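Here is start_8.json, consisting of JSON, C-alpha atoms:
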[["chain", "number", "residue", "atom", "x", "y", "z"],
["T", 1, "MET", "CA", 147.83, -5.50, 75.37],
["T", 2, "ALA", "CA", 146.43, -6.14, 78.86],
["T", 3, "ASN", "CA", 145.08, -2.58, 79.16],
["T", 4, "LYS", "CA", 143.63, -2.42, 75.67],
["T", 5, "LEU", "CA", 139.98, -2.78, 74.76],
["T", 6, "ALA", "CA", 138.77, -4.09, 71.41],
["T", 7, "TRP", "CA", 136.22, -1.97, 69.56],
["T", 8, "LYS", "CA", 134.26, -2.20, 66.33],
["T", 9, "GLY", "CA", 131.74, 0.20, 64.86],
["T", 10, "TRP", "CA", 131.07, 3.25, 62.69],
["T", 11, "ILE", "CA", 133.13, 6.42, 62.39],
["T", 12, "VAL", "CA", 131.05, 9.53, 63.07],
["T", 13, "SER", "CA", 133.81, 12.02, 62.31],
["T", 14, "VAL", "CA", 137.55, 12.55, 61.83],
["T", 15, "GLN", "CA", 139.22, 15.68, 63.21],
["T", 16, "PRO", "CA", 142.76, 16.84, 64.03],
["T", 17, "ARG", "CA", 144.22, 15.91, 67.40],
["T", 18, "ILE", "CA", 145.98, 19.08, 68.55],
["T", 19, "ARG", "CA", 147.08, 20.19, 72.02],
["T", 20, "LEU", "CA", 147.38, 23.89, 72.92],
["T", 21, "THR", "CA", 149.75, 25.31, 75.52],
["T", 22, "ARG", "CA", 149.07, 28.84, 76.75],
["T", 23, "SER", "CA", 151.25, 31.17, 78.79],
["T", 24, "PHE", "CA", 149.49, 34.52, 79.11],
["T", 25, "ASP", "CA", 149.74, 36.08, 75.59],
["T", 26, "GLU", "CA", 151.89, 33.26, 74.18],
["T", 27, "ARG", "CA", 150.64, 29.98, 72.75],
["T", 28, "ALA", "CA", 152.06, 26.86, 71.13],
["T", 29, "HIS", "CA", 150.38, 23.98, 69.32],
["T", 30, "THR", "CA", 151.38, 20.32, 69.40],
["T", 31, "TYR", "CA", 150.12, 18.39, 66.35],
["T", 32, "MET", "CA", 149.59, 14.88, 67.70],
["T", 33, "GLY", "CA", 147.58, 13.16, 64.97],
["T", 34, "TYR", "CA", 143.87, 12.62, 64.45],
["T", 35, "LEU", "CA", 140.72, 11.91, 66.46],
["T", 36, "LEU", "CA", 138.20, 9.28, 65.42],
["T", 37, "HIS", "CA", 134.73, 9.89, 66.84],
["T", 38, "ILE", "CA", 133.28, 6.40, 66.89],
["T", 39, "ASP", "CA", 129.86, 4.88, 67.55],
["T", 40, "ALA", "CA", 130.79, 1.31, 68.43],
["T", 41, "VAL", "CA", 130.95, -1.58, 70.81],
["T", 42, "ILE", "CA", 134.04, -1.29, 73.02],
["T", 43, "GLY", "CA", 134.68, -4.05, 75.51],
["T", 44, "ASP", "CA", 131.15, -5.01, 76.56],
["T", 45, "GLU", "CA", 129.63, -1.52, 76.08],
["T", 46, "GLU", "CA", 127.92, 0.07, 73.09],
["T", 47, "ARG", "CA", 128.46, 3.84, 73.04],
["T", 48, "THR", "CA", 130.23, 6.75, 71.35],
["T", 49, "PHE", "CA", 133.82, 7.70, 72.19],
["T", 50, "LEU", "CA", 136.94, 9.38, 70.81],
["T", 51, "VAL", "CA", 140.07, 7.47, 69.79],
["T", 52, "GLY", "CA", 143.40, 9.19, 69.16],
["T", 53, "ILE", "CA", 145.63, 7.83, 66.41],
["T", 54, "GLY", "CA", 148.93, 8.98, 64.93],
["T", 55, "LYS", "CA", 149.55, 10.68, 61.60],
["T", 56, "ALA", "CA", 151.06, 7.59, 59.96],
["T", 57, "ALA", "CA", 148.17, 5.35, 61.04],
["T", 58, "TYR", "CA", 145.63, 7.79, 59.67],
["T", 59, "ARG", "CA", 147.40, 8.19, 56.33],
["T", 60, "LYS", "CA", 147.61, 4.41, 55.98],
["T", 61, "HIS", "CA", 143.85, 3.91, 56.37],
["T", 62, "GLU", "CA", 142.42, 7.37, 55.49],
["T", 63, "PHE", "CA", 139.31, 6.91, 57.61],
["T", 64, "ARG", "CA", 136.34, 9.19, 57.01],
["T", 65, "ALA", "CA", 132.87, 9.65, 58.43],
["T", 66, "GLY", "CA", 130.63, 6.72, 57.52],
["T", 67, "ASP", "CA", 133.37, 4.09, 57.39],
["T", 68, "ALA", "CA", 133.14, 0.98, 59.56],
["T", 69, "ALA", "CA", 136.36, 0.29, 61.47],
["T", 70, "SER", "CA", 137.86, -1.77, 64.27],
["T", 71, "GLY", "CA", 140.90, -1.69, 66.53],
["T", 72, "MET", "CA", 142.27, -2.01, 70.04],
["T", 73, "SER", "CA", 142.90, 1.04, 72.22],
["T", 74, "GLU", "CA", 144.08, 1.95, 75.71],
["T", 75, "PRO", "CA", 142.43, 4.50, 78.04],
["T", 76, "VAL", "CA", 144.35, 7.79, 78.22],
["T", 77, "PRO", "CA", 146.08, 8.29, 81.60],
["T", 78, "ASN", "CA", 145.35, 12.03, 81.89],
["T", 79, "PRO", "CA", 141.98, 13.12, 80.42],
["T", 80, "ALA", "CA", 142.82, 16.79, 81.04],
["T", 81, "MET", "CA", 145.60, 16.57, 78.43],
["T", 82, "GLU", "CA", 143.69, 14.68, 75.75],
["T", 83, "SER", "CA", 140.53, 15.19, 73.70],
["T", 84, "ALA", "CA", 140.56, 11.44, 73.15],
["T", 85, "GLU", "CA", 139.25, 8.94, 75.66],
["T", 86, "PHE", "CA", 141.44, 6.19, 74.19],
["T", 87, "TYR", "CA", 144.84, 6.14, 72.45],
["T", 88, "LYS", "CA", 147.82, 3.86, 71.66],
["T", 89, "THR", "CA", 145.60, 2.20, 69.10],
["T", 90, "SER", "CA", 146.68, -0.99, 67.34],
["T", 91, "LYS", "CA", 145.19, -3.54, 64.94],
["T", 92, "LEU", "CA", 143.38, -0.76, 63.07],
["T", 93, "LYS", "CA", 141.27, -1.98, 60.20],
["T", 94, "VAL", "CA", 138.74, -0.58, 57.74],
["T", 95, "GLU", "CA", 135.82, -3.00, 57.87],
["T", 96, "ASN", "CA", 133.72, -1.24, 55.27],
["T", 97, "ARG", "CA", 134.11, 1.93, 53.20],
["T", 98, "ARG", "CA", 131.42, 4.57, 53.03],
["T", 99, "THR", "CA", 129.83, 4.88, 49.60],
["T", 100, "GLU", "CA", 131.52, 7.77, 47.81],
["T", 101, "GLN", "CA", 129.59, 11.04, 48.13],
["T", 102, "ALA", "CA", 130.24, 14.60, 47.05],
["T", 103, "ASP", "CA", 131.74, 16.60, 49.91],
["T", 104, "THR", "CA", 129.61, 19.72, 49.63],
["T", 105, "GLY", "CA", 129.62, 20.69, 53.34],
["T", 106, "PRO", "CA", 129.11, 22.06, 55.83],
["T", 107, "PRO", "CA", 129.94, 19.91, 57.66],
["T", 108, "TRP", "CA", 132.80, 18.65, 55.49],
["T", 109, "LEU", "CA", 133.19, 14.88, 55.82],
["T", 110, "ALA", "CA", 135.96, 14.07, 53.33],
["T", 111, "ILE", "CA", 139.36, 12.57, 54.17],
["T", 112, "ALA", "CA", 141.04, 14.90, 56.65],
["T", 113, "PRO", "CA", 143.94, 16.99, 55.29],
["T", 114, "GLU", "CA", 147.56, 16.77, 56.39],
["T", 115, "LEU", "CA", 148.39, 18.22, 59.81],
["T", 116, "GLU", "CA", 150.67, 20.72, 58.09],
["T", 117, "THR", "CA", 147.62, 22.01, 56.21],
["T", 118, "TYR", "CA", 145.87, 22.81, 59.48],
["T", 119, "ARG", "CA", 148.97, 24.62, 60.73],
["T", 120, "LYS", "CA", 149.24, 26.72, 57.58],
["T", 121, "ARG", "CA", 145.55, 27.62, 57.46],
["T", 122, "GLY", "CA", 145.33, 28.88, 61.02],
["T", 123, "HIS", "CA", 142.18, 28.75, 63.11],
["T", 124, "ARG", "CA", 139.46, 30.97, 64.51],
["T", 125, "ARG", "CA", 137.89, 30.45, 67.90],
["T", 126, "LEU", "CA", 134.59, 28.63, 67.65],
["T", 127, "SER", "CA", 131.60, 28.70, 69.98],
["T", 128, "ALA", "CA", 131.58, 25.50, 72.07],
["T", 129, "LYS", "CA", 127.81, 25.21, 71.59],
["T", 130, "THR", "CA", 128.16, 25.51, 67.82],
["T", 131, "PHE", "CA", 130.92, 22.90, 67.84],
["T", 132, "ASP", "CA", 128.74, 20.47, 69.80],
["T", 133, "THR", "CA", 125.62, 20.98, 67.66],
["T", 134, "LYS", "CA", 126.99, 21.74, 64.16],
["T", 135, "CYS", "CA", 130.72, 21.15, 63.83],
["T", 136, "HIS", "CA", 131.62, 18.01, 65.77],
["T", 137, "ARG", "CA", 131.52, 15.97, 62.54],
["T", 138, "CYS", "CA", 133.46, 18.39, 60.30],
["T", 139, "VAL", "CA", 137.12, 17.77, 59.38],
["T", 140, "TRP", "CA", 137.78, 21.49, 59.98],
["T", 141, "GLY", "CA", 136.52, 21.48, 63.58],
["T", 142, "CYS", "CA", 138.83, 20.89, 66.53],
["T", 143, "ARG", "CA", 138.38, 20.58, 70.29],
["T", 144, "MET", "CA", 141.76, 21.10, 71.93],
["T", 145, "PRO", "CA", 142.93, 20.26, 75.43],
["T", 146, "VAL", "CA", 144.59, 23.40, 76.80],
["T", 147, "GLU", "CA", 147.41, 23.52, 79.35],
["T", 148, "ILE", "CA", 147.81, 26.97, 80.91],
["T", 149, "ILE", "CA", 151.09, 27.96, 82.56],
["T", 150, "VAL", "CA", 149.91, 30.71, 84.90],
["T", 151, "ASP", "CA", 153.31, 31.82, 86.20],
["T", 152, "HIS", "CA", 156.69, 31.19, 84.53],
["T", 153, "TRP", "CA", 158.33, 31.33, 87.95],
["T", 154, "LYS", "CA", 156.07, 28.51, 89.15],
["T", 155, "PRO", "CA", 155.91, 26.18, 86.12],
["T", 156, "ASN", "CA", 154.32, 23.37, 88.11],
["T", 157, "VAL", "CA", 151.23, 25.48, 88.78],
["T", 158, "LYS", "CA", 149.01, 24.84, 85.77],
["T", 159, "ARG", "CA", 145.37, 24.98, 84.78],
["T", 160, "TYR", "CA", 143.54, 22.89, 82.24],
["T", 161, "ARG", "CA", 140.50, 23.37, 80.04],
["T", 162, "PHE", "CA", 139.19, 22.65, 76.53],
["T", 163, "GLU", "CA", 138.73, 25.15, 73.69],
["T", 164, "THR", "CA", 137.04, 24.74, 70.31],
["T", 165, "PHE", "CA", 138.35, 26.09, 67.01],
["T", 166, "CYS", "CA", 137.49, 26.20, 63.30],
["T", 167, "TYR", "CA", 140.02, 25.74, 60.49],
["T", 168, "GLY", "CA", 137.35, 25.84, 57.79],
["T", 169, "PRO", "CA", 136.24, 28.40, 55.19],
["T", 170, "LYS", "CA", 135.44, 31.83, 56.60],
["T", 171, "SER", "CA", 132.15, 31.82, 54.69],
["T", 172, "CYS", "CA", 130.79, 28.74, 56.51],
["T", 173, "ALA", "CA", 127.14, 29.34, 57.42],
["T", 174, "PHE", "CA", 127.48, 27.34, 60.65],
["T", 175, "TYR", "CA", 130.32, 29.41, 62.09],
["T", 176, "LYS", "CA", 129.80, 31.37, 65.32],
["T", 177, "THR", "CA", 132.78, 32.88, 67.06],
["T", 178, "GLY", "CA", 131.77, 32.64, 70.71],
["T", 179, "PRO", "CA", 133.14, 34.78, 73.58],
["T", 180, "GLU", "CA", 136.72, 36.05, 73.71],
["T", 181, "ARG", "CA", 139.15, 33.70, 75.43],
["T", 182, "LYS", "CA", 140.67, 34.87, 78.70],
["T", 183, "VAL", "CA", 144.01, 33.52, 79.91],
["T", 184, "PRO", "CA", 144.97, 33.89, 83.59],
["T", 185, "GLY", "CA", 148.45, 35.15, 84.44],
["T", 186, "ARG", "CA", 150.60, 35.80, 87.49],
["T", 187, "LYS", "CA", 149.45, 38.16, 90.25],
["T", 188, "GLY", "CA", 145.85, 38.06, 89.06],
["T", 189, "MET", "CA", 146.53, 39.45, 85.58],
["T", 190, "THR", "CA", 144.39, 38.34, 82.63],
["T", 191, "PHE", "CA", 145.15, 38.31, 78.90],
["T", 192, "VAL", "CA", 142.15, 38.64, 76.57],
["T", 193, "GLU", "CA", 142.55, 37.03, 73.15],
["T", 194, "GLU", "CA", 140.71, 39.53, 70.96],
["T", 195, "ASP", "CA", 139.25, 39.16, 67.45],
["T", 196, "TRP", "CA", 142.26, 40.65, 65.69],
["T", 197, "ILE", "CA", 144.33, 37.59, 66.61],
["T", 198, "ASP", "CA", 142.00, 35.29, 64.65],
["T", 199, "GLU", "CA", 141.97, 37.75, 61.77],
["T", 200, "GLN", "CA", 145.78, 37.83, 61.73],
["T", 201, "ASP", "CA", 146.05, 34.02, 61.87],
["T", 202, "THR", "CA", 143.76, 33.55, 58.86],
["T", 203, "ALA", "CA", 144.70, 36.68, 56.89],
["T", 204, "GLU", "CA", 146.11, 34.74, 53.93],
["T", 205, "ARG", "CA", 142.81, 32.94, 53.27],
["T", 206, "GLY", "CA", 139.86, 34.21, 51.25],
["T", 207, "PRO", "CA", 136.22, 33.79, 52.30],
["T", 208, "ASP", "CA", 135.80, 30.39, 50.61],
["T", 209, "ASP", "CA", 139.24, 28.97, 51.39]]
Target format C-alpha cells, applied to this file:
Amino acid sequence: MANKLAWKGWIVSVQPRIRLTRSFDERAHTYMGYLLHIDAVIGDEERTFLVGIGKAAYRKHEFRAGDAASGMSEPVPNPAMESAEFYKTSKLKVENRRTEQADTGPPWLAIAPELETYRKRGHRRLSAKTFDTKCHRCVWGCRMPVEIIVDHWKPNVKRYRFETFCYGPKSCAFYKTGPERKVPGRKGMTFVEEDWIDEQDTAERGPDD
C-alpha cells in the first residue's frame, strides 16, 4: 500500500484496456481489462488521469461515465506498455451513480461490454485526432500501447508507440480512419496495414452493428 495513492472523483469514460503486439505483418492482442478516465483528486493533486482495472473488478462495479468513484492505485512501472497511468487498484467504490439516461450515442456512454465482445467485433483503425476530440469518452474507442518486435532474430530490440482504434458501429458519424499504419521490420523493411485488413476484421458486422 506504500506506493498507492488514494483518489476520488468523477468518471469521464470507460474503455477497454488492450495491449497490441506487432511483428511485421503479424499482430496479437492482450485483453487486460478496462480503463477508467477519471477527473478527480489523487494524492494532493486535482487532475484527469487513467486508471487500469481488471475484468472482475469492472464487472463487480460496472462503472460508467458520470459515476462518482474512489479507490487506491499504484503508478505503472513502464508507461510505454500501458495506456493507464495507474493500476493495481484496490478499495474501489461507487460513490454515486449517474442518473439513468438513454444511450443514443455517439459517443456511447453505457456500461462497457465484455472483453470477449470487443474481440469478436474486431476493430478499425481510428484517427488519433478524432479519438482525442470525439471518441475518448466512447465505450467503443480504444487507445492501445503497441510493442513492435522489429526482428525475430533480435527479440530484445523493440519499439513502442500508441495506436487508436474503433470497435463501434461502422455508421458512426464521428469515425475517421486516419493514415495507414506502418510497421518496421528487419533490414529496413516496412509492412503497411492497408484498408482491407480492417474490412476483413469487421466483415461480419452490418453498418449499424
I'd like the contact shell of Arg125 (chain T) - 9 Å cut-off, all atoms listed in the file, skipping same-chain residues fewer than 5 positions apart - returned as a list in words.
Glu163, Thr164, Phe165, Cys166, Lys176, Thr177, Gly178, Pro179, Glu180, Arg181, Asp195 and Asp198 of chain T
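Ranking T:Arg159, T:Gly168, T:Ile149, T:Pro113 by their shortest atom-to-atom distance to Asp25 (chain T), with only C-alpha atoms included, puts T:Ile149 first.
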Please, which residues in region 106-199 of chain T fall within 8 Å of region 67-80 of chain T when counting only C-alpha atoms, and what is the closest atom pair and distance in Å to one decimal for each, ordered by chain then residue number, as JSON lines?
{"residue": "T:Pro145", "atom": "CA", "partner": "T:Ala80", "partner_atom": "CA", "distance": 6.6}
{"residue": "T:Tyr160", "atom": "CA", "partner": "T:Ala80", "partner_atom": "CA", "distance": 6.3}
{"residue": "T:Arg161", "atom": "CA", "partner": "T:Ala80", "partner_atom": "CA", "distance": 7.0}
I want to know what sits within 10 Å of His152 (chain T), based on only C-alpha atoms, with residues of the same chain fewer than 5 positions away left out; could you give that as a list in words?
Ser23, Phe24, Val157, Gly185 and Arg186 of chain T
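Residue nearest Thr48 (chain T) within the list T:Asp209, T:Glu85, T:Glu199, T:Glu95: T:Glu85 [criterion: smallest interatomic distance, only C-alpha atoms].
Closest to His123 (chain T) among T:Glu26, T:Asp39, T:Asp201, T:Glu62 is T:Asp201, based on only C-alpha atoms.
Within the 10 Å cut-off around Gly43 (chain T), using all atoms listed in the file and omitting residues fewer than 3 positions from it on the same chain, the listed residues are Lys4, Leu5, Ala6, Trp7, Lys8, Ala40, Glu46 and Met72 of chain T.
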From (150.8, 9.3, 59.9), in the file's coordinates, out to 10 Å: which residues are reached, counting only C-alpha atoms? Answer as a PDB file with C-alpha atoms, keeping the file's coordinate frame.
ATOM      1  CA  MET T  32     149.590  14.880  67.700  1.00  0.00           C
ATOM      2  CA  GLY T  33     147.580  13.160  64.970  1.00  0.00           C
ATOM      3  CA  TYR T  34     143.870  12.620  64.450  1.00  0.00           C
ATOM      4  CA  ILE T  53     145.630   7.830  66.410  1.00  0.00           C
ATOM      5  CA  GLY T  54     148.930   8.980  64.930  1.00  0.00           C
ATOM      6  CA  LYS T  55     149.550  10.680  61.600  1.00  0.00           C
ATOM      7  CA  ALA T  56     151.060   7.590  59.960  1.00  0.00           C
ATOM      8  CA  ALA T  57     148.170   5.350  61.040  1.00  0.00           C
ATOM      9  CA  TYR T  58     145.630   7.790  59.670  1.00  0.00           C
ATOM     10  CA  ARG T  59     147.400   8.190  56.330  1.00  0.00           C
ATOM     11  CA  LYS T  60     147.610   4.410  55.980  1.00  0.00           C
ATOM     12  CA  HIS T  61     143.850   3.910  56.370  1.00  0.00           C
ATOM     13  CA  GLU T  62     142.420   7.370  55.490  1.00  0.00           C
ATOM     14  CA  GLU T 114     147.560  16.770  56.390  1.00  0.00           C
ATOM     15  CA  LEU T 115     148.390  18.220  59.810  1.00  0.00           C
TER      16      LEU T 115
END
When you look at Ala84 (chain T) with a cut-off of 8 Å (counting only C-alpha atoms), what residues show up, excluding the ones that are within fewer than 3 positions of it in the same chain? I need them as a tab-separated table (two decimals) with C-alpha atoms, in the coordinates of the input.
chain	number	residue	atom	x	y	z
T	35	LEU	CA	140.72	11.91	66.46
T	49	PHE	CA	133.82	7.70	72.19
T	50	LEU	CA	136.94	9.38	70.81
T	51	VAL	CA	140.07	7.47	69.79
T	52	GLY	CA	143.40	9.19	69.16
T	76	VAL	CA	144.35	7.79	78.22
T	79	PRO	CA	141.98	13.12	80.42
T	87	TYR	CA	144.84	6.14	72.45
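Here CA of Arg19 (chain T) stands at a distance of 6.7 Å from CA of Tyr31 (chain T).
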Put a box with edges along x, y and z around all the listed atoms of region 114-130 of chain T, pad it by 4 Å on each side, then give me its centre and sizes in Å, one decimal, as JSON.
{"center_x": 139.2, "center_y": 23.9, "center_z": 64.1, "size_x": 30.9, "size_y": 22.2, "size_z": 23.9}
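Taking CA of His29 (chain T) as the reference point, CA of Val94 (chain T) is found at 29.5 Å.
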Distance criterion (only C-alpha atoms): nearest to Val146 (chain T) out of T:Val183, T:Trp108, T:Thr130, T:Glu194
T:Val183
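Comparing the minimum interatomic distances between Tyr167 (chain T) and each of T:Gly122, T:Gly66, T:Gly188, T:Pro16, counting only C-alpha atoms, we find that T:Gly122 sits nearest.
Between CA of Phe162 (chain T) and CA of Arg143 (chain T) lies a distance of 6.6 Å.
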Residues within 10 Å of (126.6, 27.7, 57.0), counting all atoms listed in the file, listed as a PyMOL selection string
chain T and resi 105-107+134+169-176
Could region 51-78 of chain T be written out with N, CA and C atoms, as a tab-separated table (two decimals), in the first residue's frame, please?
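This is the output file result06.tsv:
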chain	number	residue	atom	x	y	z
T	51	VAL	N	-6.92	5.10	-15.05
T	51	VAL	CA	-6.69	4.01	-14.10
T	51	VAL	C	-7.05	2.69	-14.77
T	52	GLY	N	-6.15	1.72	-14.72
T	52	GLY	CA	-6.42	0.40	-15.25
T	52	GLY	C	-6.96	-0.52	-14.17
T	53	ILE	N	-8.05	-1.22	-14.49
T	53	ILE	CA	-8.61	-2.20	-13.56
T	53	ILE	C	-8.88	-3.51	-14.31
T	54	GLY	N	-8.98	-4.59	-13.57
T	54	GLY	CA	-9.21	-5.90	-14.16
T	54	GLY	C	-10.66	-6.13	-14.54
T	55	LYS	N	-10.87	-7.20	-15.28
T	55	LYS	CA	-12.22	-7.56	-15.74
T	55	LYS	C	-13.17	-7.81	-14.58
T	56	ALA	N	-12.72	-8.57	-13.58
T	56	ALA	CA	-13.59	-8.92	-12.45
T	56	ALA	C	-13.99	-7.67	-11.67
T	57	ALA	N	-13.03	-6.77	-11.47
T	57	ALA	CA	-13.33	-5.54	-10.72
T	57	ALA	C	-14.34	-4.69	-11.47
T	58	TYR	N	-14.20	-4.64	-12.79
T	58	TYR	CA	-15.15	-3.83	-13.55
T	58	TYR	C	-16.55	-4.44	-13.51
T	59	ARG	N	-16.64	-5.75	-13.67
T	59	ARG	CA	-17.96	-6.39	-13.67
T	59	ARG	C	-18.62	-6.29	-12.30
T	60	LYS	N	-17.85	-6.22	-11.24
T	60	LYS	CA	-18.42	-6.08	-9.91
T	60	LYS	C	-19.10	-4.73	-9.74
T	61	HIS	N	-18.46	-3.67	-10.26
T	61	HIS	CA	-18.96	-2.31	-10.03
T	61	HIS	C	-19.70	-1.72	-11.24
T	62	GLU	N	-19.39	-2.18	-12.45
T	62	GLU	CA	-20.00	-1.70	-13.69
T	62	GLU	C	-20.03	-0.16	-13.74
T	63	PHE	N	-18.84	0.41	-13.63
T	63	PHE	CA	-18.71	1.86	-13.74
T	63	PHE	C	-19.13	2.33	-15.12
T	64	ARG	N	-19.59	3.56	-15.19
T	64	ARG	CA	-19.90	4.19	-16.48
T	64	ARG	C	-19.66	5.69	-16.35
T	65	ALA	N	-19.58	6.35	-17.49
T	65	ALA	CA	-19.33	7.79	-17.50
T	65	ALA	C	-20.40	8.51	-16.68
T	66	GLY	N	-19.96	9.41	-15.83
T	66	GLY	CA	-20.88	10.17	-14.98
T	66	GLY	C	-20.97	9.67	-13.57
T	67	ASP	N	-20.48	8.46	-13.30
T	67	ASP	CA	-20.47	7.93	-11.93
T	67	ASP	C	-19.37	8.62	-11.12
T	68	ALA	N	-19.61	8.75	-9.83
T	68	ALA	CA	-18.56	9.18	-8.90
T	68	ALA	C	-17.97	7.92	-8.28
T	69	ALA	N	-16.63	7.88	-8.16
T	69	ALA	CA	-15.97	6.68	-7.68
T	69	ALA	C	-14.73	7.05	-6.86
T	70	SER	N	-14.20	6.05	-6.16
T	70	SER	CA	-12.98	6.25	-5.38
T	70	SER	C	-12.19	4.95	-5.36
T	71	GLY	N	-10.90	5.05	-5.02
T	71	GLY	CA	-10.06	3.88	-4.95
T	71	GLY	C	-8.64	4.26	-4.58
T	72	MET	N	-7.77	3.26	-4.63
T	72	MET	CA	-6.35	3.47	-4.39
T	72	MET	C	-5.57	2.76	-5.49
T	73	SER	N	-4.65	3.47	-6.14
T	73	SER	CA	-3.94	2.92	-7.28
T	73	SER	C	-2.46	3.22	-7.22
T	74	GLU	N	-1.70	2.39	-7.94
T	74	GLU	CA	-0.23	2.48	-7.96
T	74	GLU	C	0.23	2.95	-9.34
T	75	PRO	N	1.23	3.82	-9.44
T	75	PRO	CA	1.75	4.23	-10.74
T	75	PRO	C	2.27	3.03	-11.53
T	76	VAL	N	2.03	3.01	-12.85
T	76	VAL	CA	2.53	1.91	-13.67
T	76	VAL	C	4.05	2.04	-13.80
T	77	PRO	N	4.78	0.93	-13.80
T	77	PRO	CA	6.24	1.00	-13.85
T	77	PRO	C	6.80	1.32	-15.24
T	78	ASN	N	6.04	0.97	-16.30
T	78	ASN	CA	6.52	1.17	-17.67
T	78	ASN	C	5.42	1.84	-18.50
